[in-house]
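Report on the following structure.
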Amino acid sequence: MNILVFNCGSSTLKFKLFRMTAADILETLASGIVDKIAGASRVDFVCGDIHFEEQKAVADHSEAGKIVLNWLRAQNLLNQSESLAVGHRVIHGGDCFSEPVLIDDSVIAAVDALSELAPLHNQPSLQAIRAARAVLGLETPMVAVFDTAFHHRMPEYASRYALPQDLADRHRIKRYGFHGLAHRFMMEHYASMVNKPPAQVKVITLQLGNGCSASAVAGGHSIDTSMGFTPLEGLIMGTRSGDIDPSLPGFIARREGASIEAVEKWLNTRSGLLGVSGSSKDMRELLAAAGQGDAKANLAIDMFCYRVKKTIGAYLAVLRGAEAVIFGGGIGENAPEIRARILSGLEWCGLKLDSERNASAIGRERRITTDDSPVQAYVIPVDEAIIIARDTVALLKKRPGEVSNESVQW
């Protein structure tokens, strides 16, 4: 069986095509990205020695999905002789979805209804799903794997907001959490590295990129996470503010004569590293600017690292101690200076950074603490596609009577 994975961001579509071997090993056949969708898009696909690059206008994720599928067909990778399944990452599953599901019309309708909670992400995923169904036909099995599912078992005291219960229940307001596939990958990969069952590890996972979140993981799932009802809550991010005083949106709206919707957009697209620095959301650019004496860039970096450090301290308390802190994401995997700033001063809780190991851990798996560090820290590059492919295969291997979407309601 071949498994095609679609992973949609707000302006990207990443894909990987795997072959499942007789030994149940996933081999990568092709991969790539359509970047900057709805703008000056870039297509970058790889299949063995074949590397295809193109600059072209791509209107939406539906068109991006069709570009991927047509290219794979041109490489003879979607031939009739091999069975095919498609796994789709969906950001927000709300209360409807706590595990992967076969995609049918009822699932599509439920994901569509949840788009209000994640408009920048659920709609792109739906566009890719509809494109795949149109090109491959309804007979091709497709599975939705949800980013929120890893956080679904958070205890109620961690997942609820202190709102009137009838109001929260009426509008399904709770802390859903995001980046679940990334946090799960880091936890499961760490468990395999130390030869423990996932249910027996206690770790703090840090997904640090343009979007950032932290998770306290125990018993094989998240027991707390920094993102909440939307991806705006928690850590400082590229353009998102993270935690702020809840009164600020109303205050800003009144003072600026703006709508709440406009202020929410500012908090999501004009804040964070970009807002503080006034120059960039890219950590690489900010580090370079800070090195040239840019005080605002340095402040943005300090605020970013401080918020992560504070969250590590909180999650050590939540977990009653952890065995490891794991860095993933574009910043977490590639910025030794940021990792060093975050871990600086945490020796008291057992985190002892090894500077040489940290400096060499750029885009590759590595332990970055000393051998005698009571709490270890690791860099683990995240591969969400592997999780999606595994979940897709696992669901399709169930007996037909065990696979049902009858519980889907919205």
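Identifiers in this document derive from the order of the structure tokens: chains are assigned A, B, ..., residues are numbered from 1 separately in each chain, and ligands are numbered from 1 in order of occurrence.
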Ile204 (chain A) surroundings by only C-alpha atoms, 6 Å radius, close-in-sequence under 5 positions cut, as an mmCIF file with C-alpha atoms, in the first residue's frame:
data_model
loop_
_atom_site.group_PDB
_atom_site.id
_atom_site.type_symbol
_atom_site.label_atom_id
_atom_site.label_comp_id
_atom_site.auth_asym_id
_atom_site.auth_seq_id
_atom_site.Cartn_x
_atom_site.Cartn_y
_atom_site.Cartn_z
ATOM 1 C CA SER A 215 3.094 20.672 26.209
ATOM 2 C CA ALA A 216 3.413 18.769 29.488
ATOM 3 C CA VAL A 325 12.783 18.830 27.746
#
Per residue of region 202-285 of chain A within 10 Å of region 86-103 of chain A, what are the shortest atom pair and its distance in Å to one decimal, counting only C-alpha atoms, with rows by chain and residue number, as CSV?
residue,atom,partner,partner_atom,distance
A:Phe229,CA,A:Gly94,CA,9.3
A:Thr230,CA,A:His92,CA,9.1
A:Pro231,CA,A:Ile91,CA,9.9
Show which residues sit within 6 Å of Arg160 (chain A), as a PDB file with C-alpha atoms, in the first residue's frame. Count only C-alpha atoms, and ignore same-chain residues fewer than 3 positions away.
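New file result.pdb:
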ATOM      1  CA  GLU A 156     -10.915  19.342  33.117  1.00  0.00           C
ATOM      2  CA  TYR A 157      -9.114  21.657  35.536  1.00  0.00           C
ATOM      3  CA  LYS A 174     -12.453  25.138  26.248  1.00  0.00           C
TER       4      LYS A 174
END
(message) Going by DSSP on the backbone, which residues of region 79-148 of chain A come out as helix (DSSP H, G or I)? List them as a PyMOL selection string.
(response) chain A and resi 105-116+122-136
Contacts of Ala118 (chain A) within 12 Å, only C-alpha atoms, excl. fewer than 2 positions in-chain, as a tab-separated table (two decimals) with N, CA and C atoms, in the first residue's frame:
chain	number	residue	atom	x	y	z
A	9	GLY	N	-0.86	24.05	5.84
A	9	GLY	CA	-0.78	25.21	6.70
A	9	GLY	C	-1.63	26.31	6.11
A	10	SER	N	-1.59	27.49	6.70
A	10	SER	CA	-2.44	28.58	6.21
A	10	SER	C	-2.06	29.01	4.80
A	90	VAL	N	-5.69	17.70	9.88
A	90	VAL	CA	-6.72	18.71	10.13
A	90	VAL	C	-6.41	19.35	11.47
A	91	ILE	N	-6.34	20.66	11.49
A	91	ILE	CA	-5.91	21.37	12.70
A	91	ILE	C	-6.90	21.20	13.84
A	92	HIS	N	-8.17	21.51	13.60
A	92	HIS	CA	-9.13	21.60	14.71
A	92	HIS	C	-10.19	20.52	14.60
A	93	GLY	N	-10.20	19.63	15.60
A	93	GLY	CA	-11.22	18.60	15.67
A	93	GLY	C	-12.29	18.88	16.70
A	94	GLY	N	-12.11	19.97	17.48
A	94	GLY	CA	-13.11	20.34	18.47
A	94	GLY	C	-13.41	19.19	19.41
A	111	VAL	N	-16.01	19.17	10.07
A	111	VAL	CA	-14.78	19.96	10.02
A	111	VAL	C	-15.08	21.36	9.51
A	112	ASP	N	-15.99	21.46	8.56
A	112	ASP	CA	-16.41	22.76	8.03
A	112	ASP	C	-17.05	23.60	9.14
A	113	ALA	N	-17.89	22.96	9.95
A	113	ALA	CA	-18.55	23.69	11.04
A	113	ALA	C	-17.55	24.18	12.08
A	114	LEU	N	-16.41	23.49	12.20
A	114	LEU	CA	-15.39	23.89	13.16
A	114	LEU	C	-14.48	24.99	12.63
A	115	SER	N	-14.67	25.38	11.37
A	115	SER	CA	-13.77	26.35	10.75
A	115	SER	C	-13.77	27.70	11.46
A	116	GLU	N	-14.85	28.03	12.14
A	116	GLU	CA	-14.90	29.29	12.87
A	116	GLU	C	-13.80	29.36	13.93
A	120	LEU	N	-8.01	29.91	9.46
A	120	LEU	CA	-6.82	29.92	8.62
A	120	LEU	C	-6.32	28.52	8.29
A	121	HIS	N	-6.84	27.49	8.97
A	121	HIS	CA	-6.30	26.15	8.81
A	121	HIS	C	-7.32	25.10	8.39
A	122	ASN	N	-8.52	25.09	8.97
A	122	ASN	CA	-9.48	24.05	8.60
A	122	ASN	C	-9.94	24.17	7.16
A	123	GLN	N	-10.16	25.40	6.68
A	123	GLN	CA	-10.59	25.55	5.30
A	123	GLN	C	-9.52	25.09	4.30
A	124	PRO	N	-8.23	25.44	4.48
A	124	PRO	CA	-7.23	24.88	3.58
A	124	PRO	C	-7.23	23.35	3.56
A	125	SER	N	-7.37	22.72	4.72
A	125	SER	CA	-7.42	21.26	4.76
A	125	SER	C	-8.63	20.74	3.99
A	126	LEU	N	-9.78	21.39	4.15
A	126	LEU	CA	-10.97	20.97	3.42
A	126	LEU	C	-10.80	21.12	1.92
A	147	ASP	N	-4.96	17.60	14.86
A	147	ASP	CA	-3.92	18.18	15.71
A	147	ASP	C	-4.36	18.33	17.16
A	148	THR	N	-5.65	18.50	17.37
A	148	THR	CA	-6.17	18.71	18.72
A	148	THR	C	-6.32	17.40	19.51
A	176	TYR	N	-8.47	23.68	23.72
A	176	TYR	CA	-8.32	22.51	22.84
A	176	TYR	C	-6.85	22.15	22.62
A	177	GLY	N	-5.98	23.15	22.53
A	177	GLY	CA	-4.57	22.89	22.24
A	177	GLY	C	-4.34	22.56	20.78
A	178	PHE	N	-3.11	22.80	20.31
A	178	PHE	CA	-2.77	22.58	18.90
A	178	PHE	C	-1.36	21.99	18.82
A	228	GLY	N	-4.72	27.37	23.49
A	228	GLY	CA	-5.99	27.11	24.11
A	228	GLY	C	-7.15	26.96	23.16
A	229	PHE	N	-8.15	27.83	23.29
A	229	PHE	CA	-9.34	27.82	22.43
A	229	PHE	C	-8.96	28.07	20.99
A	230	THR	N	-7.96	28.93	20.78
A	230	THR	CA	-7.41	29.19	19.46
A	230	THR	C	-5.88	29.10	19.57
A	231	PRO	N	-5.17	29.12	18.44
A	231	PRO	CA	-3.70	29.08	18.48
A	231	PRO	C	-3.06	30.39	18.94
A	232	LEU	N	-3.86	31.38	19.37
A	232	LEU	CA	-3.30	32.66	19.79
A	232	LEU	C	-2.75	32.63	21.22
A	268	ASN	N	-3.00	38.51	15.88
A	268	ASN	CA	-2.58	37.30	15.17
A	268	ASN	C	-1.52	37.57	14.10
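The shortest atom-to-atom distance to His51 (chain A), with only C-alpha atoms taken into account, belongs to A:Ile33 out of A:Ile33, A:Ala38, A:Met186, A:Ala297.
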(message) Under the rule that only C-alpha atoms are counted, which of A:Ala23, A:Ile368, A:Ala191, A:Val318 is the nearest residue to Arg339 (chain A)?
(response)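 Between A:Ala23, A:Ile368, A:Ala191, A:Val318, the residue approaching Arg339 (chain A) most closely is A:Ile368.
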